[in-house]
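Structure data (mmCIF, C-alpha atoms) from run.cif:
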data_data
loop_
_atom_site.label_atom_id
_atom_site.label_comp_id
_atom_site.auth_asym_id
_atom_site.auth_seq_id
_atom_site.Cartn_x
_atom_site.Cartn_y
_atom_site.Cartn_z
CA MET A 203 -27.77 18.36 31.97
CA VAL A 204 -24.50 20.30 32.26
CA LYS A 205 -22.73 17.09 33.16
CA GLY A 206 -24.16 15.39 30.04
CA SER A 207 -23.00 18.26 27.80
CA GLN A 208 -19.50 18.03 29.24
CA ARG A 209 -19.42 14.31 28.64
CA THR A 210 -20.54 14.82 25.05
CA PHE A 211 -17.79 17.40 24.52
CA PHE A 212 -15.10 15.05 25.84
CA VAL A 213 -16.37 12.18 23.67
CA LEU A 214 -16.30 14.37 20.57
CA LEU A 215 -12.85 15.66 21.47
CA SER A 216 -11.66 12.07 21.85
CA VAL A 217 -13.01 11.23 18.39
CA VAL A 218 -11.11 14.18 16.89
CA LEU A 219 -7.88 13.15 18.62
CA VAL A 220 -8.26 9.53 17.49
CA ALA A 221 -8.94 10.73 13.94
CA LEU A 222 -5.82 12.91 13.95
CA PHE A 223 -3.70 10.07 15.32
CA PHE A 224 -5.11 7.74 12.69
CA GLY A 225 -4.36 10.36 10.01
CA LEU A 226 -0.74 10.63 11.10
CA PHE A 227 -0.42 6.85 11.18
CA LEU A 228 -2.04 6.46 7.76
CA ARG A 229 0.18 9.18 6.32
CA GLY A 230 3.27 7.35 7.55
CA MET A 231 2.03 4.07 6.07
CA VAL A 232 1.30 5.69 2.69
CA GLU A 233 4.74 7.29 2.54
CA LYS A 234 6.44 4.07 3.59
CA ASP A 235 4.55 1.91 1.08
CA PHE A 236 5.16 4.44 -1.70
CA GLN A 237 8.88 4.46 -0.97
CA ASN A 238 8.89 0.63 -0.98
CA TYR A 239 7.11 0.69 -4.33
CA VAL A 240 9.63 3.19 -5.75
CA GLU A 241 12.54 1.10 -4.46
CA GLY A 242 11.06 -1.99 -6.08
CA GLU A 243 10.72 -0.20 -9.40
CA ARG A 244 14.29 1.05 -9.19
CA SER A 245 15.62 -2.41 -8.29
CA ALA A 246 13.87 -3.88 -11.33
CA LEU A 247 15.41 -1.22 -13.62
CA VAL A 248 18.89 -1.74 -12.18
CA SER A 249 18.54 -5.52 -12.53
CA ALA A 250 17.62 -5.18 -16.20
CA VAL A 251 20.54 -2.84 -16.95
CA SER A 252 22.96 -5.05 -14.99
CA ALA A 253 21.81 -8.14 -16.90
CA ASP A 254 22.41 -6.39 -20.24
CA LEU A 255 25.90 -5.26 -19.20
CA GLU A 256 26.82 -8.71 -17.90
CA GLU A 257 25.61 -10.23 -21.16
CA SER A 258 27.78 -7.74 -23.11
CA TYR A 259 30.83 -8.58 -20.98
CA GLU A 260 30.27 -12.32 -21.43
CA LYS A 261 29.90 -11.93 -25.19
CA ASN A 262 33.06 -9.86 -25.64
CA ARG A 263 35.04 -11.38 -22.71
CA LYS A 264 35.87 -7.78 -21.80
CA TRP A 265 34.21 -4.39 -21.52
CA ASP A 266 33.45 -3.08 -25.01
CA ARG A 267 32.77 0.69 -24.87
CA ALA A 268 30.65 0.82 -28.02
CA ASP A 269 28.49 -2.10 -26.95
CA ALA A 270 28.17 -0.79 -23.38
CA ALA A 271 27.33 2.73 -24.62
CA GLU A 272 24.03 1.55 -26.11
CA ILE A 273 23.04 0.01 -22.77
CA VAL A 274 24.09 3.13 -20.82
CA VAL A 275 22.03 5.39 -23.13
CA ARG A 276 19.03 3.10 -22.78
CA ALA A 277 19.45 3.26 -18.99
CA LEU A 278 19.33 7.07 -19.20
CA GLN A 279 16.02 6.85 -21.08
CA LEU A 280 14.71 4.71 -18.21
CA GLY A 281 15.73 7.39 -15.67
CA LEU A 282 19.19 6.18 -14.59
CA THR A 283 22.58 7.86 -14.88
CA VAL A 284 25.34 5.30 -14.48
CA LYS A 285 29.07 4.78 -14.22
CA LEU A 286 30.50 1.48 -15.42
CA VAL A 287 33.58 0.59 -13.34
CA ASP A 288 35.86 -2.37 -14.09
CA SER A 289 37.29 -4.82 -11.54
CA ARG A 290 40.37 -2.59 -11.02
CA GLY A 291 38.24 0.40 -10.06
CA ASP A 292 38.74 2.35 -13.32
CA ILE A 293 35.73 3.99 -15.00
CA VAL A 294 35.06 2.24 -18.30
CA LEU A 295 32.15 4.45 -19.35
CA ASP A 296 29.66 6.88 -17.84
CA THR A 297 26.46 8.49 -19.12
CA GLU A 298 28.20 11.65 -20.33
CA GLN A 299 30.76 9.67 -22.30
CA ALA A 300 28.09 7.41 -23.79
CA LEU A 301 26.13 10.44 -25.05
CA ALA A 302 29.31 11.84 -26.58
CA LEU A 303 29.49 8.79 -28.85
CA LEU A 304 26.08 9.65 -30.37
CA PRO A 305 25.32 12.28 -33.05
CA SER A 306 24.89 15.65 -31.35
CA ASP A 307 21.22 16.14 -32.34
CA LYS A 308 20.24 12.65 -31.07
CA ALA A 309 22.17 13.18 -27.86
CA SER A 310 20.41 16.52 -27.29
CA ARG A 311 16.98 14.93 -27.73
CA ILE A 312 17.80 12.16 -25.27
CA ARG A 313 19.17 14.66 -22.74
CA ALA A 314 16.03 16.80 -22.93
CA ALA A 315 13.64 13.85 -22.70
CA ALA A 316 15.45 12.39 -19.67
CA GLY A 317 16.01 15.75 -17.95
CA PHE A 318 19.76 15.08 -17.79
CA ALA A 319 21.75 18.28 -17.30
CA GLY A 320 25.16 16.63 -17.04
CA ASP A 321 27.29 14.56 -14.70
CA ASP A 322 27.04 15.67 -11.07
CA SER A 323 30.21 14.45 -9.40
CA GLY A 324 28.88 15.38 -5.97
CA ALA A 325 25.71 13.29 -6.32
CA ASP A 326 25.15 10.11 -4.37
CA TYR A 327 25.55 6.93 -6.41
CA ARG A 328 24.49 3.43 -5.42
CA SER A 329 26.85 0.61 -6.32
CA TYR A 330 25.76 -2.79 -7.65
CA PRO A 331 28.24 -5.64 -8.33
CA LEU A 332 28.56 -7.14 -11.81
CA VAL A 333 29.38 -10.84 -11.57
CA MET A 334 29.77 -13.48 -14.26
CA GLY A 335 29.74 -16.85 -12.54
CA LYS A 336 32.64 -16.62 -10.10
CA GLU A 337 34.35 -13.81 -12.01
CA HIS A 338 34.03 -10.26 -10.64
CA ALA A 339 33.59 -8.11 -13.76
CA GLY A 340 33.26 -4.76 -11.98
CA ARG A 341 30.42 -2.70 -10.62
CA LEU A 342 27.63 -0.40 -11.74
CA ASP A 343 27.24 2.97 -9.98
CA VAL A 344 23.70 4.30 -10.38
CA GLN A 345 21.93 7.59 -9.69
CA PHE A 346 18.14 7.91 -10.07
CA LEU A 347 16.95 11.02 -11.93
CA GLU A 348 13.37 10.78 -10.61
CA LYS A 349 14.32 10.79 -6.90
CA GLY A 350 13.30 14.41 -6.31
CA ARG A 351 9.95 13.94 -8.01
CA SER A 352 9.11 10.77 -6.11
CA ASP A 353 10.02 12.38 -2.76
CA ALA A 354 7.86 15.41 -3.57
CA PHE A 355 4.94 13.17 -4.53
CA SER A 356 5.32 11.19 -1.30
CA LYS A 357 5.20 14.35 0.80
CA ARG A 358 2.23 15.79 -1.09
CA SER A 359 0.23 12.58 -0.81
CA GLY A 360 0.98 12.39 2.92
CA LEU A 361 -0.26 15.96 3.42
CA VAL A 362 -3.42 15.25 1.41
CA VAL A 363 -4.19 12.19 3.57
CA LEU A 364 -3.60 14.15 6.78
CA ALA A 365 -5.74 17.07 5.61
CA GLY A 366 -8.54 14.72 4.56
CA VAL A 367 -8.62 12.95 7.92
CA PHE A 368 -8.51 16.31 9.77
CA LEU A 369 -11.46 17.64 7.74
CA LEU A 370 -13.34 14.41 8.44
CA ALA A 371 -12.70 14.86 12.16
CA ILE A 372 -14.05 18.43 12.01
CA LEU A 373 -17.14 17.17 10.17
CA VAL A 374 -17.71 14.48 12.82
CA LEU A 375 -17.34 17.08 15.59
CA THR A 376 -19.81 19.44 13.91
CA LEU A 377 -22.33 16.71 13.18
CA GLY A 378 -22.04 15.28 16.69
CA THR A 379 -22.59 18.70 18.26
CA PHE A 380 -25.66 19.29 16.09
CA LEU A 381 -27.18 15.89 16.94
CA SER A 382 -26.52 16.27 20.67
CA ARG A 383 -28.18 19.69 20.77
CA LYS A 384 -31.13 18.37 18.80
CA GLN A 385 -31.63 15.59 21.32
CA VAL A 386 -31.26 17.90 24.35
CA LYS A 387 -33.87 20.43 23.10
CA PRO A 388 -36.94 18.29 24.01
CA VAL A 389 -35.52 17.80 27.51
CA ARG A 390 -35.03 21.53 27.98
CA ARG A 391 -38.61 22.22 26.83
CA SER A 392 -39.95 19.67 29.31
CA VAL A 393 -38.01 21.23 32.18
CA SER A 394 -39.17 24.74 31.20
CA ALA A 395 -42.80 23.58 31.07
CA ALA A 396 -42.48 21.98 34.51
CA ASP A 397 -41.02 25.17 35.98
CA ALA A 398 -43.83 27.27 34.48
CA SER A 399 -46.47 24.89 35.82
CA ALA A 400 -44.96 25.03 39.30
CA ASP A 401 -45.02 28.85 39.27
CA GLN A 402 -48.67 28.93 38.19
CA GLN A 403 -49.77 26.43 40.86
CA ALA A 404 -47.93 28.27 43.64
CA ALA A 405 -50.00 31.48 43.20
CA PRO A 406 -53.48 30.36 44.52
CA PRO A 407 -52.51 30.07 48.24
CA ILE A 408 -51.74 33.83 48.29
CA ALA A 409 -55.19 34.69 46.91
CA VAL A 410 -57.00 32.26 49.22
CA ARG A 411 -56.03 34.18 52.33
CA HIS A 412 -59.23 36.29 51.81
CA GLU A 413 -61.42 33.20 51.36
CA THR A 414 -60.67 30.68 54.01
CA MET A 415 -63.25 28.22 52.68
CA ALA A 416 -61.28 27.75 49.46
CA VAL A 417 -57.92 27.03 51.08
CA PRO A 418 -57.96 23.17 51.02
CA GLY A 419 -59.11 22.84 47.42
CA PRO A 420 -56.59 24.97 45.50
CA GLN A 421 -53.71 24.00 47.77
CA GLY A 422 -54.40 20.28 47.23
CA GLU A 423 -54.81 20.76 43.51
CA GLY A 424 -51.62 22.82 43.36
CA ILE A 425 -49.60 20.18 45.12
CA SER A 426 -50.97 17.35 43.04
CA ALA A 427 -50.44 19.33 39.81
CA VAL A 428 -46.87 20.37 40.58
CA GLU A 429 -45.64 16.98 41.71
CA PRO A 430 -46.35 15.16 38.43
CA ALA A 431 -44.72 17.95 36.43
CA LEU A 432 -41.61 17.89 38.60
CA SER A 433 -41.45 14.11 38.39
CA MET A 434 -41.63 14.26 34.63
CA ALA A 435 -38.90 16.92 34.50
CA GLY A 436 -36.64 14.86 36.76
CA ALA A 437 -37.11 11.77 34.63
CA ALA A 438 -36.44 13.75 31.48
CA GLU A 439 -33.28 15.25 32.96
CA GLU A 440 -32.04 11.81 34.01
CA ASP A 441 -32.62 10.51 30.47
CA SER A 442 -30.87 13.46 28.84
CA GLU A 443 -27.35 12.36 29.73
CA PRO A 444 -27.32 8.97 28.00
CA MET A 445 -29.10 10.51 25.00
CA ALA A 446 -26.29 13.05 24.64
CA ASP A 447 -23.58 10.43 24.91
CA ASP A 448 -25.16 7.63 22.89
CA PRO A 449 -24.62 8.83 19.27
CA LEU A 450 -20.80 8.80 19.55
CA ASP A 451 -19.97 6.09 22.06
CA ALA A 452 -16.21 5.48 21.75
CA ASP A 453 -16.64 1.88 22.93
CA ASP A 454 -19.30 1.02 20.35
CA GLU A 455 -18.36 -2.21 18.50
CA ASP A 456 -19.46 -0.66 15.18
CA MET A 457 -16.64 1.88 15.46
CA GLN A 458 -13.86 -0.68 15.97
CA PRO A 459 -13.40 -1.74 12.28
CA LEU A 460 -12.34 1.85 11.44
CA ALA A 461 -9.09 1.30 13.36
CA GLY A 462 -8.89 -2.49 13.08
CA ASP A 463 -6.47 -2.71 10.13
CA PRO A 464 -5.31 0.78 9.10
CA ASP A 465 -2.53 -0.33 6.72
CA ARG A 466 -4.97 -2.55 4.75
CA ILE A 467 -6.15 0.64 2.98
CA SER A 468 -2.67 1.40 1.66
CA LYS A 469 -2.18 -2.26 0.70
CA ILE A 470 -5.37 -2.18 -1.38
CA VAL A 471 -4.35 1.11 -3.03
CA ASN A 472 -0.94 -0.33 -3.95
CA GLY A 473 -2.52 -3.57 -5.15
CA LEU A 474 -5.00 -1.77 -7.40
CA ASP A 475 -2.17 0.38 -8.76
CA GLY A 476 -0.17 -2.74 -9.57
CA LEU A 477 -3.22 -4.32 -11.24
CA ALA A 478 -3.73 -1.21 -13.41
CA LYS A 479 -0.08 -1.29 -14.49
CA ALA A 480 -0.32 -4.98 -15.31
CA GLN A 481 -3.35 -4.33 -17.52
CA ALA A 482 -1.56 -1.42 -19.21
CA LEU A 483 1.36 -3.70 -20.16
CA ARG A 484 -0.91 -5.54 -22.62
CA SER A 485 -0.33 -2.73 -25.14
CA SER A 486 2.98 -1.18 -24.02
CA GLN A 487 5.52 -3.97 -23.69
CA GLN A 488 9.20 -3.25 -24.32
CA LYS A 489 10.66 -6.65 -25.21
CA GLN A 490 14.40 -7.26 -25.14
CA ALA A 491 16.82 -10.16 -25.07
CA LEU A 492 17.14 -11.71 -21.61
CA GLU A 493 19.76 -14.21 -20.43
CA LEU A 494 17.49 -16.11 -18.05
CA SER A 495 20.02 -17.65 -15.67
CA ALA A 496 21.46 -14.28 -14.64
CA TYR A 497 18.02 -12.69 -14.71
CA LEU A 498 16.45 -15.25 -12.36
CA ASN A 499 19.46 -15.19 -10.05
CA THR A 500 19.06 -11.41 -9.72
CA ILE A 501 15.37 -11.77 -8.78
CA VAL A 502 16.15 -14.50 -6.23
CA GLU A 503 19.01 -12.50 -4.71
CA THR A 504 16.70 -9.50 -4.34
CA ALA A 505 14.14 -11.70 -2.55
CA ARG A 506 16.85 -13.16 -0.30
CA ALA A 507 18.09 -9.66 0.62
CA SER A 508 14.56 -8.51 1.52
CA CYS A 509 14.19 -11.20 4.22
CA PRO A 510 17.70 -11.82 5.64
CA ASP A 511 16.38 -13.59 8.75
CA SER A 512 14.36 -16.15 6.81
CA GLN A 513 15.35 -19.81 7.07
CA VAL A 514 13.87 -20.60 3.65
CA THR A 515 16.36 -22.01 1.11
CA LEU A 516 16.08 -20.36 -2.32
CA LYS A 517 17.36 -22.19 -5.42
CA VAL A 518 17.62 -21.41 -9.13
CA GLU A 519 17.63 -24.14 -11.80
CA CYS A 520 18.32 -22.75 -15.27
CA SER A 521 20.74 -23.46 -18.09
CA ASN A 522 23.37 -20.76 -18.65
CA ASP A 523 22.64 -20.58 -22.39
CA LEU A 524 18.85 -20.21 -22.08
CA ASN A 525 17.54 -16.88 -23.35
CA MET A 526 14.32 -15.30 -24.66
CA GLN A 527 12.71 -12.09 -25.85
CA ALA A 528 10.48 -10.61 -23.13
CA ASP A 529 9.54 -7.41 -21.30
CA PRO A 530 11.75 -7.35 -18.15
CA GLU A 531 9.16 -5.44 -16.09
CA CYS A 532 6.38 -7.86 -17.02
CA LEU A 533 8.47 -10.96 -16.31
CA SER A 534 9.78 -9.48 -13.04
CA GLY A 535 6.22 -8.87 -11.85
CA ILE A 536 5.29 -12.49 -12.54
CA MET A 537 8.30 -14.09 -10.90
CA THR A 538 8.53 -11.70 -7.94
CA ASN A 539 4.88 -12.20 -6.95
CA LEU A 540 5.08 -15.99 -7.28
CA LEU A 541 8.35 -16.09 -5.34
CA ASP A 542 6.94 -13.88 -2.57
CA ASN A 543 3.87 -16.14 -2.22
CA ALA A 544 6.06 -19.25 -2.12
CA VAL A 545 8.28 -17.85 0.64
CA LYS A 546 5.19 -16.93 2.70
CA ALA A 547 3.79 -20.43 2.21
CA VAL A 548 6.97 -22.08 3.53
CA LYS A 549 7.20 -19.74 6.58
CA HIS A 550 9.90 -21.70 8.45
CA ASP A 551 12.39 -24.34 7.26
CA GLY A 552 11.80 -25.32 3.67
CA THR A 553 12.84 -24.82 0.06
CA VAL A 554 11.65 -22.62 -2.79
CA THR A 555 12.98 -23.48 -6.26
CA VAL A 556 12.74 -21.21 -9.28
CA SER A 557 13.41 -22.91 -12.61
CA ALA A 558 13.25 -22.19 -16.34
CA SER A 559 13.45 -24.63 -19.24
CA GLU A 560 12.74 -24.78 -22.96
CA LYS A 561 9.57 -26.57 -24.08
CA GLY A 562 9.33 -26.34 -27.87
CA ASP A 563 8.75 -22.69 -28.79
CA GLN A 564 7.83 -21.90 -25.15
CA ILE A 565 9.89 -21.07 -22.08
CA GLU A 566 8.42 -22.78 -19.03
CA PHE A 567 9.01 -21.15 -15.66
CA ALA A 568 8.18 -23.00 -12.43
CA VAL A 569 8.12 -21.86 -8.79
CA ARG A 570 8.04 -24.85 -6.41
CA ASP A 571 7.74 -24.65 -2.64
CA THR A 572 7.58 -27.17 0.20
CA GLY A 573 5.06 -25.09 2.12
CA CYS A 574 1.56 -25.55 3.45
CA GLY A 575 -0.13 -26.00 0.06
CA ILE A 576 -3.52 -24.71 -1.08
CA ARG A 577 -6.89 -26.14 -0.12
CA ARG A 578 -8.55 -28.02 -2.95
CA LYS A 579 -11.75 -25.96 -2.79
CA ALA A 580 -9.71 -22.74 -3.04
CA LEU A 581 -7.78 -23.69 -6.20
CA PRO A 582 -10.50 -22.64 -8.71
CA HIS A 583 -10.67 -19.16 -7.16
CA ILE A 584 -7.05 -18.15 -6.46
CA PHE A 585 -6.78 -15.89 -9.54
CA GLU A 586 -10.02 -14.03 -8.74
CA ARG A 587 -9.81 -10.46 -7.50
CA PHE A 588 -9.82 -10.02 -3.72
CA TYR A 589 -10.11 -13.77 -3.09
CA ARG A 590 -8.07 -14.74 -0.02
CA GLY A 591 -7.72 -18.41 0.79
CA SER A 592 -5.66 -17.71 3.91
CA GLY A 593 -3.01 -15.32 5.23
CA ASP A 594 -3.02 -11.54 5.56
CA GLY A 595 -2.95 -10.54 1.88
CA ILE A 596 -5.58 -8.54 0.01
CA GLY A 597 -6.33 -11.06 -2.76
CA LEU A 598 -4.70 -9.19 -5.66
CA GLY A 599 -1.22 -10.76 -5.99
CA LEU A 600 -2.21 -13.74 -8.15
CA THR A 601 -4.71 -11.58 -10.06
CA ILE A 602 -1.80 -9.32 -11.05
CA VAL A 603 0.26 -12.41 -12.03
CA LYS A 604 -2.59 -13.64 -14.26
CA GLU A 605 -2.87 -10.22 -15.95
CA LEU A 606 0.89 -10.14 -16.59
CA VAL A 607 0.90 -13.70 -17.99
CA ASP A 608 -1.98 -12.77 -20.33
CA ALA A 609 -0.03 -9.64 -21.37
CA CYS A 610 2.87 -11.95 -22.37
CA GLU A 611 0.41 -14.19 -24.29
CA GLY A 612 1.26 -17.04 -21.95
CA THR A 613 -0.52 -19.50 -19.67
CA ILE A 614 -0.33 -20.28 -15.97
CA ALA A 615 -1.23 -23.46 -14.08
CA VAL A 616 -0.99 -24.61 -10.48
CA GLN A 617 -0.68 -27.96 -8.72
CA SER A 618 -0.87 -28.17 -4.95
CA THR A 619 -1.01 -30.81 -2.24
CA ARG A 620 -2.16 -29.73 1.19
CA GLY A 621 0.73 -29.93 3.63
CA LYS A 622 3.35 -30.72 0.96
CA GLY A 623 3.61 -27.62 -1.20
CA SER A 624 2.64 -26.04 -4.51
CA VAL A 625 4.00 -25.66 -8.04
CA PHE A 626 3.06 -22.65 -10.21
CA THR A 627 3.98 -23.18 -13.88
CA VAL A 628 4.08 -20.28 -16.38
CA SER A 629 4.59 -20.87 -20.12
CA ILE A 630 5.53 -17.87 -22.28
CA PRO A 631 6.39 -17.79 -26.02
CA ARG A 632 10.15 -17.60 -26.45
CA SER A 633 9.95 -14.72 -28.97
#
Reformat the file's structure so that it appears as structure tokens.
Amino acid sequence: MVKGSQRTFFVLLSVVLVALFFGLFLRGMVEKDFQNYVEGERSALVSAVSADLEESYEKNRKWDRADAAEIVVRALQLGLTVKLVDSRGDIVLDTEQALALLPSDKASRIRAAAGFAGDDSGADYRSYPLVMGKEHAGRLDVQFLEKGRSDAFSKRSGLVVLAGVFLLAILVLTLGTFLSRKQVKPVRRSVSAADASADQQAAPPIAVRHETMAVPGPQGEGISAVEPALSMAGAAEEDSEPMADDPLDADDEDMQPLAGDPDRISKIVNGLDGLAKAQALRSSQQKQALELSAYLNTIVETARASCPDSQVTLKVECSNDLNMQADPECLSGIMTNLLDNAVKAVKHDGTVTVSASEKGDQIEFAVRDTGCGIRRKALPHIFERFYRGSGDGIGLGLTIVKELVDACEGTIAVQSTRGKGSVFTVSIPRS
């Protein structure tokens, strides 16, 4: 019985240690995925600002301070402080100078809303090149105002996850101890009853010494009465050990899914967050003029930089004078998700082509790949939530795309041939 209790203790301790390890692992995954999400959001903002500045440079054939000031102020409202540097390395305009061109009361309101206290020359800036065709127009130095808040949120969320898993481990330990004691109690009662019976049956031989005629009877009955009780106690004690260990068997198959795919939880959380944002864009779009050739090239370059070892060839087919009015965040979500799916479908050598063309009052975007294609029976379901035809996704990527297309009042269609590739076509009103 002591041995069984020790085994139970070690099993419960193992569960606690596994839970703590899992908590640390999950915390790291949450922080990593959150940082990736923040970086993606920042890249989208920088891409939009860069596209506007490049469009301004192309229109004026030089850097126009007044025109660039509007873009720099808008970038501040989005959470970016910037420095616009020309090809010679001279600062054309920064956030402080752009605010100085505004009326003082308007500049004060924008400062307060953005939480901008002034230019911090010692702050770290990230540099992004500004290119017009083959011409190097300069660079954009960017600092993110929300960095401190996002880092604090990441740390707090990690601590909450770790604390939750630790409390769950304590609950499992307490519950396991309670159940093991509850199962051992009947065994202890059986052993105690057997001991008491043995003591009672051992007394008659002492009293029989005065009556020799009664010696055989009580002694025989005592032996026969004690033996069954002891046999029952022994059997109960043998059964007590597996009963103590059974409720929390670390090798039980039912426990394996808990640690089978720990980062799937964070993927689902991120996917649901993306879906909620896509649905929110139906009523909160911020449309602006987009020069589509530069815009699509930025998205493709970002995808190429995220997988430098990939052998997939990425192409952009778009006229240089094609433009439209659209929400950059909404359109980025559509194209980035479709491009990511296409690259995964190709896997090895192959080509992914992103194109845009004018079809009447619509702009038609297409993402073509030479990948594995989609099974015919899966095609009617690919936009459903949590439907996974194949791969290691969570079944929310194309659902988010569909929500974003609906938010843009557009349509989406797909054509696919198994083993040859797929074409996703998105049509969005030009204005």
Could you give me, as JSON, numbers by chain, the residues within 7 Å of stretch 574-591 of chain A, counting only C-alpha atoms and dropping anything in the same chain fewer than 6 positions from it? {"A": [547, 548, 597, 598, 600, 601, 604, 618, 619, 620, 621, 622, 623, 624]}
Using all atoms listed in the file, can you tell me which of A:Thr283, A:Ser245, A:Ser629, A:Ser289 comes closest to A:Ala319?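 Distance minimum relative to A:Ala319 lands on A:Thr283.
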One decimal, in Å: what's the spacing between atom CA of A:Val284 and atom CA of A:Asp529? 21.4 Å
Distance criterion (only C-alpha atoms): nearest to A:Asn499 out of A:Ala302, A:Leu369, A:Leu295, A:Val333: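 Once distances to A:Asn499 are computed over only C-alpha atoms, the minimum belongs to A:Val333.
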Given the PyMOL selection byres ((chain A and resi 520) around 8), the residues it picks as an mmCIF file with C-alpha atoms, in the coordinates of the input:
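File produced: part_29.cif:
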data_model
loop_
_atom_site.group_PDB
_atom_site.id
_atom_site.type_symbol
_atom_site.label_atom_id
_atom_site.label_comp_id
_atom_site.auth_asym_id
_atom_site.auth_seq_id
_atom_site.Cartn_x
_atom_site.Cartn_y
_atom_site.Cartn_z
ATOM 1 C CA LEU A 494 17.490 -16.110 -18.050
ATOM 2 C CA SER A 495 20.020 -17.650 -15.670
ATOM 3 C CA VAL A 518 17.620 -21.410 -9.130
ATOM 4 C CA GLU A 519 17.630 -24.140 -11.800
ATOM 5 C CA SER A 521 20.740 -23.460 -18.090
ATOM 6 C CA ASN A 522 23.370 -20.760 -18.650
ATOM 7 C CA LEU A 524 18.850 -20.210 -22.080
ATOM 8 C CA SER A 557 13.410 -22.910 -12.610
ATOM 9 C CA ALA A 558 13.250 -22.190 -16.340
ATOM 10 C CA SER A 559 13.450 -24.630 -19.240
#
Skipping near chain neighbours, those fewer than 6 positions away, what residues fall within 10 Å of A:Glu298 using all atoms listed in the file, listed as a list of chain:residue names? A:Ala271, A:Val274, A:Val275, A:Thr283, A:Val284, A:Lys285, A:Ala309, A:Arg313, A:Phe318, A:Ala319, A:Gly320, A:Asp321
Any chance you could work out the residue set of the PyMOL selection byres ((chain A and resi 270) around 12) here, as number ranges by chain? A: 251-262, 264-269, 271-277, 284-287, 294-297, 299-301, 303, 342
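Polymer residues near (17.7, -6.7, -25.3): counting only C-alpha atoms with a cut-off of 9 Å, they are Asp254, Ile273, Lys489, Gln490, Ala491, Leu492, Gln527 and Ala528 of chain A.
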For C-alpha atoms, I'd like the residues from the last selection saved as an mmCIF file, in the coordinates of the input.
data_model
loop_
_atom_site.group_PDB
_atom_site.id
_atom_site.type_symbol
_atom_site.label_atom_id
_atom_site.label_comp_id
_atom_site.auth_asym_id
_atom_site.auth_seq_id
_atom_site.Cartn_x
_atom_site.Cartn_y
_atom_site.Cartn_z
ATOM 1 C CA ASP A 254 22.410 -6.390 -20.240
ATOM 2 C CA ILE A 273 23.040 0.010 -22.770
ATOM 3 C CA LYS A 489 10.660 -6.650 -25.210
ATOM 4 C CA GLN A 490 14.400 -7.260 -25.140
ATOM 5 C CA ALA A 491 16.820 -10.160 -25.070
ATOM 6 C CA LEU A 492 17.140 -11.710 -21.610
ATOM 7 C CA GLN A 527 12.710 -12.090 -25.850
ATOM 8 C CA ALA A 528 10.480 -10.610 -23.130
#
Just how far from atom CA of A:Ile501 is atom CA of A:Thr515, in Å to one decimal?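 Distance reported for this atom pair: 14.3 Å.
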Once the PyMOL selection byres ((chain A and resi 541-544) around 10) has been applied to the shown file, what residues remain in the selection, as a ChimeraX atom specification? /A:501-502,505,514,516,535-540,545-549,553-556,568-575,595,599-600,623-626
So, counting only C-alpha atoms, which residue among A:Gly225, A:Gly378, A:Gly317, A:Gly612 is closest to A:Gln279?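 Among the listed residues, the smallest separation from A:Gln279 belongs to A:Gly317.
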Taking (36.9, -10.6, -15.8) in the file's coordinates, which residues come within 8 Å, counting all atoms listed in the file, written as a list in words?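 Nearby residues: Arg263, Lys264, Ser289, Met334, Glu337, His338, Ala339 and Gly340 of chain A.
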May I ask for the distance between atom CA of A:Asn238 and atom CA of A:Ser508, given in Å to one decimal place?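 Distance reported for this atom pair: 11.0 Å.
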Kindly reconstruct stretch 518-526 of chain A with N, CA and C atoms and present the result as a PDB file, in the frame of the given file.
ATOM      1  N   VAL A 518      17.895 -21.730  -7.731  1.00  0.00           N
ATOM      2  CA  VAL A 518      17.620 -21.410  -9.130  1.00  0.00           C
ATOM      3  C   VAL A 518      18.119 -22.573  -9.991  1.00  0.00           C
ATOM      4  N   GLU A 519      17.255 -23.071 -10.872  1.00  0.00           N
ATOM      5  CA  GLU A 519      17.630 -24.140 -11.800  1.00  0.00           C
ATOM      6  C   GLU A 519      17.379 -23.634 -13.219  1.00  0.00           C
ATOM      7  N   CYS A 520      18.468 -23.293 -13.919  1.00  0.00           N
ATOM      8  CA  CYS A 520      18.320 -22.750 -15.270  1.00  0.00           C
ATOM      9  C   CYS A 520      19.637 -22.914 -16.020  1.00  0.00           C
ATOM     10  N   SER A 521      19.549 -23.313 -17.258  1.00  0.00           N
ATOM     11  CA  SER A 521      20.740 -23.460 -18.090  1.00  0.00           C
ATOM     12  C   SER A 521      21.346 -22.096 -18.387  1.00  0.00           C
ATOM     13  N   ASN A 522      22.689 -22.031 -18.425  1.00  0.00           N
ATOM     14  CA  ASN A 522      23.370 -20.760 -18.650  1.00  0.00           C
ATOM     15  C   ASN A 522      23.151 -20.207 -20.058  1.00  0.00           C
ATOM     16  N   ASP A 523      22.809 -21.054 -21.015  1.00  0.00           N
ATOM     17  CA  ASP A 523      22.640 -20.580 -22.390  1.00  0.00           C
ATOM     18  C   ASP A 523      21.183 -20.371 -22.762  1.00  0.00           C
ATOM     19  N   LEU A 524      20.273 -20.392 -21.791  1.00  0.00           N
ATOM     20  CA  LEU A 524      18.850 -20.210 -22.080  1.00  0.00           C
ATOM     21  C   LEU A 524      18.526 -18.727 -22.128  1.00  0.00           C
ATOM     22  N   ASN A 525      17.900 -18.288 -23.213  1.00  0.00           N
ATOM     23  CA  ASN A 525      17.540 -16.880 -23.350  1.00  0.00           C
ATOM     24  C   ASN A 525      16.199 -16.758 -24.049  1.00  0.00           C
ATOM     25  N   MET A 526      15.621 -15.543 -24.025  1.00  0.00           N
ATOM     26  CA  MET A 526      14.320 -15.300 -24.660  1.00  0.00           C
ATOM     27  C   MET A 526      14.139 -13.812 -24.879  1.00  0.00           C
TER      28      MET A 526
END
